[in-house]
Amino acid sequence: MKNKFRLAILQPVFIPNLYDIFVLLKSNLVILQDVEIWSRKGRVHRAKIRTPDGSQYINIPVRTEDRDNPINEVRIDHQSEWIEPILRTLQYNYSNSVYYDFYAPELEADFRKANDYTYLLPFVLYFRSRIFRFLELDELPKFKMASKLEPYDPDPDLLAKNMNADIYYQEPGARHYQRQGSNRSKPAFRHPEYRQHFEGFKPGCCLIDLLFQLGPESFRVIDQLRENG
């Protein structure tokens with residue numbers, strides 16, 4: 001019996017969360033929609049972290065005049081001071097996490113690397129590759145940028161058809177910034193719970209939360225994703 005070809009149609013989010021990783025692990029190919037219009041509601045420029053009161057977003061500012069541009073044409077607003085506030089926010093919320101001291105210096109260097117980038121997308125791709133490396137996510141499927149893809153269609157149903165996909169996935173809850181296809185599949189995702197550094201568990205936090213908490217033991221949570229679905 002022929003294996004089904006599974007496609008993921010996603011935006012190039014800044015720091016993925018566990019749902020994103022689940023979809024990546026279940027897909028044969030990932031298309032990153034870098035030609036779609038940037039949205040302040042999207043996650044290309046922001047990521048959710050755990051806080052004492054629940055969660056909040058850390059943000060990369062973008063230039064005001066670029067906010068109606070495609071994602072791959074949006075520039076970082078280097079006139080805004082944002083790296084130091086992010087580092088302080090991470091320190092405030094994670095300094096007591098088990099592996100904060102181990103990863104914080106390298107992540108700080110990675111954040112400061114943004115000063116070498118004019119455009120948002122190349123920095124986002126660099127930063128997420130670093131997170132994937134820390135978590136030893138070596139088996140992720142091939143990524144293709146929509147801007148380099150023939151044929152690309154902004155309609156996800158038509159795009160999946162053009163790519164001969166049997167099944168395709170999108171980001172849930174993204175209807176405000178990603179066109180949703182009528183034929184998209186809902187993966188059998190069950191959010192793994194792990195010990196966070198504040199009471200209770202808040203799903204949907206980015207992978208920095210997992211990294212600071214579990215460090216090299218993060219593979220145990222990732223393995224749960226591999227086994228689900």
# chains A, B, ... in the order shown; residues from 1 in each chain; ligands from 1
$ select_by_dssp --residues "range 63-174 of chain A" --states "strand (DSSP E)" --output "PyMOL selection string"
chain A and resi 142-145+167-169
$ closest_atom_pairs --of "range 73-120 of chain A" --to "range 41-55 of chain A" --cutoff "9 Å" --atoms "only C-alpha atoms" --output "CSV"
residue,atom,partner,partner_atom,distance
A:Leu90,CA,A:Ile49,CA,8.3
A:Tyr92,CA,A:Thr51,CA,8.9
A:Asn93,CA,A:Thr51,CA,5.8
A:Tyr94,CA,A:Arg50,CA,8.4
A:Leu120,CA,A:His45,CA,7.6
$ closest_atom_pairs --of "range 126-207 of chain A" --to "range 19-40 of chain A" --cutoff "9 Å" --atoms "only C-alpha atoms" --output "tab-separated table"
residue	atom	partner	partner_atom	distance
A:Glu139	CA	A:Leu25	CA	7.8
A:Leu140	CA	A:Leu25	CA	6.0
A:Pro141	CA	A:Leu29	CA	5.6
A:Lys142	CA	A:Leu29	CA	5.4
A:Phe143	CA	A:Val30	CA	4.8
A:Lys144	CA	A:Ile31	CA	4.9
A:Met145	CA	A:Leu32	CA	5.0
A:Ala146	CA	A:Gln33	CA	5.1
A:Ser147	CA	A:Val35	CA	5.9
A:Leu149	CA	A:Ile31	CA	8.6
A:Pro154	CA	A:Glu36	CA	7.7
A:Ile167	CA	A:Ser27	CA	9.0
A:Tyr168	CA	A:Ser27	CA	8.2
A:Tyr169	CA	A:Val23	CA	7.1
A:Gln170	CA	A:Val23	CA	8.4
A:Glu171	CA	A:Asp20	CA	7.5
A:Pro172	CA	A:Tyr19	CA	8.9
A:His176	CA	A:Ser39	CA	8.4
A:Tyr177	CA	A:Ser39	CA	5.9
A:Gln178	CA	A:Glu36	CA	8.1
A:Pro187	CA	A:Val23	CA	7.5
A:Phe189	CA	A:Tyr19	CA	7.1
A:Arg190	CA	A:Tyr19	CA	8.6
A:His191	CA	A:Tyr19	CA	7.3
A:Gly204	CA	A:Tyr19	CA	7.5
$ select_by_dssp --residues "range 5-200 of chain A" --states "alpha helix (DSSP H)" --output "MDAnalysis selection string"
chainID A and resid 18:26 83:94 100:112 120:134 156:162
$ residues_around --residues "Arg130 in chain A" --least-positions-apart "4" --cutoff "10 Å" --atoms "only C-alpha atoms" --output "list in words"
Ile15, Glu106, Leu107, Asp110, Val124, Leu125, Tyr126, Phe134, Leu135 and Glu136 of chain A
$ write_last_selection --atoms "N, CA and C atoms" --output "PDB file, in the first residue's frame"
ATOM      1  N   ILE A  15       9.937  31.230  16.678  1.00  0.00           N
ATOM      2  CA  ILE A  15      10.373  30.090  17.501  1.00  0.00           C
ATOM      3  C   ILE A  15       9.199  29.119  17.575  1.00  0.00           C
ATOM      4  N   GLU A 106      24.403  31.252  25.029  1.00  0.00           N
ATOM      5  CA  GLU A 106      24.355  31.001  23.592  1.00  0.00           C
ATOM      6  C   GLU A 106      23.135  31.661  22.957  1.00  0.00           C
ATOM      7  N   LEU A 107      22.006  31.622  23.658  1.00  0.00           N
ATOM      8  CA  LEU A 107      20.816  32.268  23.114  1.00  0.00           C
ATOM      9  C   LEU A 107      21.001  33.780  23.057  1.00  0.00           C
ATOM     10  N   ASP A 110      22.853  34.500  20.036  1.00  0.00           N
ATOM     11  CA  ASP A 110      22.004  34.328  18.862  1.00  0.00           C
ATOM     12  C   ASP A 110      21.065  35.514  18.677  1.00  0.00           C
ATOM     13  N   VAL A 124      15.067  35.023  11.339  1.00  0.00           N
ATOM     14  CA  VAL A 124      14.150  34.031  11.893  1.00  0.00           C
ATOM     15  C   VAL A 124      14.599  32.619  11.521  1.00  0.00           C
ATOM     16  N   LEU A 125      14.979  32.422  10.271  1.00  0.00           N
ATOM     17  CA  LEU A 125      15.431  31.098   9.835  1.00  0.00           C
ATOM     18  C   LEU A 125      16.722  30.695  10.542  1.00  0.00           C
ATOM     19  N   TYR A 126      17.599  31.666  10.739  1.00  0.00           N
ATOM     20  CA  TYR A 126      18.835  31.388  11.484  1.00  0.00           C
ATOM     21  C   TYR A 126      18.506  30.993  12.927  1.00  0.00           C
ATOM     22  N   PHE A 134      19.881  22.835  19.168  1.00  0.00           N
ATOM     23  CA  PHE A 134      19.934  22.590  20.616  1.00  0.00           C
ATOM     24  C   PHE A 134      19.102  21.364  20.988  1.00  0.00           C
ATOM     25  N   LEU A 135      17.967  21.193  20.323  1.00  0.00           N
ATOM     26  CA  LEU A 135      17.052  20.100  20.630  1.00  0.00           C
ATOM     27  C   LEU A 135      17.357  18.841  19.815  1.00  0.00           C
ATOM     28  N   GLU A 136      18.428  18.892  19.013  1.00  0.00           N
ATOM     29  CA  GLU A 136      18.866  17.750  18.208  1.00  0.00           C
ATOM     30  C   GLU A 136      17.750  17.235  17.293  1.00  0.00           C
TER      31      GLU A 136
END
$ residues_around --residues "His197 in chain A" --least-positions-apart "6" --cutoff "8 Å" --atoms "only C-alpha atoms" --output "ChimeraX atom specification"
/A:94,96-97,213
$ write_last_selection --atoms "all heavy atoms" --output "short mmCIF file (atom, residue, chain, number, x, y, z; two decimals), in the first residue's frame"
data_model
loop_
_atom_site.label_atom_id
_atom_site.label_comp_id
_atom_site.auth_asym_id
_atom_site.auth_seq_id
_atom_site.Cartn_x
_atom_site.Cartn_y
_atom_site.Cartn_z
N TYR A 94 12.87 33.05 33.51
CA TYR A 94 13.48 31.73 33.42
C TYR A 94 14.77 31.57 34.21
O TYR A 94 15.36 30.48 34.19
CB TYR A 94 13.78 31.41 31.95
CG TYR A 94 12.56 31.10 31.13
CD1 TYR A 94 12.02 32.05 30.27
CD2 TYR A 94 11.92 29.87 31.23
CE1 TYR A 94 10.89 31.77 29.51
CE2 TYR A 94 10.79 29.57 30.49
CZ TYR A 94 10.28 30.54 29.62
OH TYR A 94 9.16 30.25 28.89
N ASN A 96 15.39 30.92 37.12
CA ASN A 96 15.35 29.80 38.07
C ASN A 96 15.10 28.45 37.39
O ASN A 96 15.00 27.43 38.08
CB ASN A 96 14.28 30.04 39.13
CG ASN A 96 14.64 31.19 40.06
OD1 ASN A 96 15.81 31.41 40.35
ND2 ASN A 96 13.64 31.94 40.50
N SER A 97 15.00 28.45 36.08
CA SER A 97 14.81 27.19 35.37
C SER A 97 16.10 26.37 35.42
O SER A 97 17.21 26.92 35.51
CB SER A 97 14.42 27.45 33.91
OG SER A 97 13.14 28.04 33.85
N GLN A 213 13.75 24.34 30.59
CA GLN A 213 13.26 23.46 31.64
C GLN A 213 13.89 22.08 31.61
O GLN A 213 14.27 21.53 32.65
CB GLN A 213 11.74 23.32 31.54
CG GLN A 213 10.97 24.47 32.17
CD GLN A 213 11.30 24.64 33.64
OE1 GLN A 213 12.04 25.56 34.00
NE2 GLN A 213 10.80 23.78 34.50
#
$ closest_residue --among "A:Ile83, A:Phe212, A:Val62, A:Ile9" --to "Asp157 in chain A" --atoms "only C-alpha atoms"
A:Ile9
$ closest_residue --among "A:Leu211, A:Asn3, A:Glu227, A:Ile60" --to "Ala104 in chain A" --atoms "only C-alpha atoms"
A:Leu211
$ atom_distance --atom1 "CA of Arg88 in chain A" --atom2 "CA of Asp101 in chain A"
13.7 Å
$ residues_around --residues "Val74 in chain A" --least-positions-apart "2" --cutoff "6 Å" --atoms "only C-alpha atoms" --output "PyMOL selection string"
chain A and resi 66+71-72+119-120
$ write_last_selection --atoms "C-alpha atoms" --output "PDB file, in the first residue's frame"
ATOM      1  CA  ASP A  66       6.995  47.300   5.768  1.00  0.00           C
ATOM      2  CA  ILE A  71       7.012  38.318   4.887  1.00  0.00           C
ATOM      3  CA  ASN A  72      10.220  38.033   2.878  1.00  0.00           C
ATOM      4  CA  TYR A 119      15.487  41.541   6.894  1.00  0.00           C
ATOM      5  CA  LEU A 120      13.375  39.631   9.392  1.00  0.00           C
TER       6      LEU A 120
END
$ atom_distance --atom1 "CA of Asn115 in chain A" --atom2 "CA of Ile76 in chain A"
9.1 Å
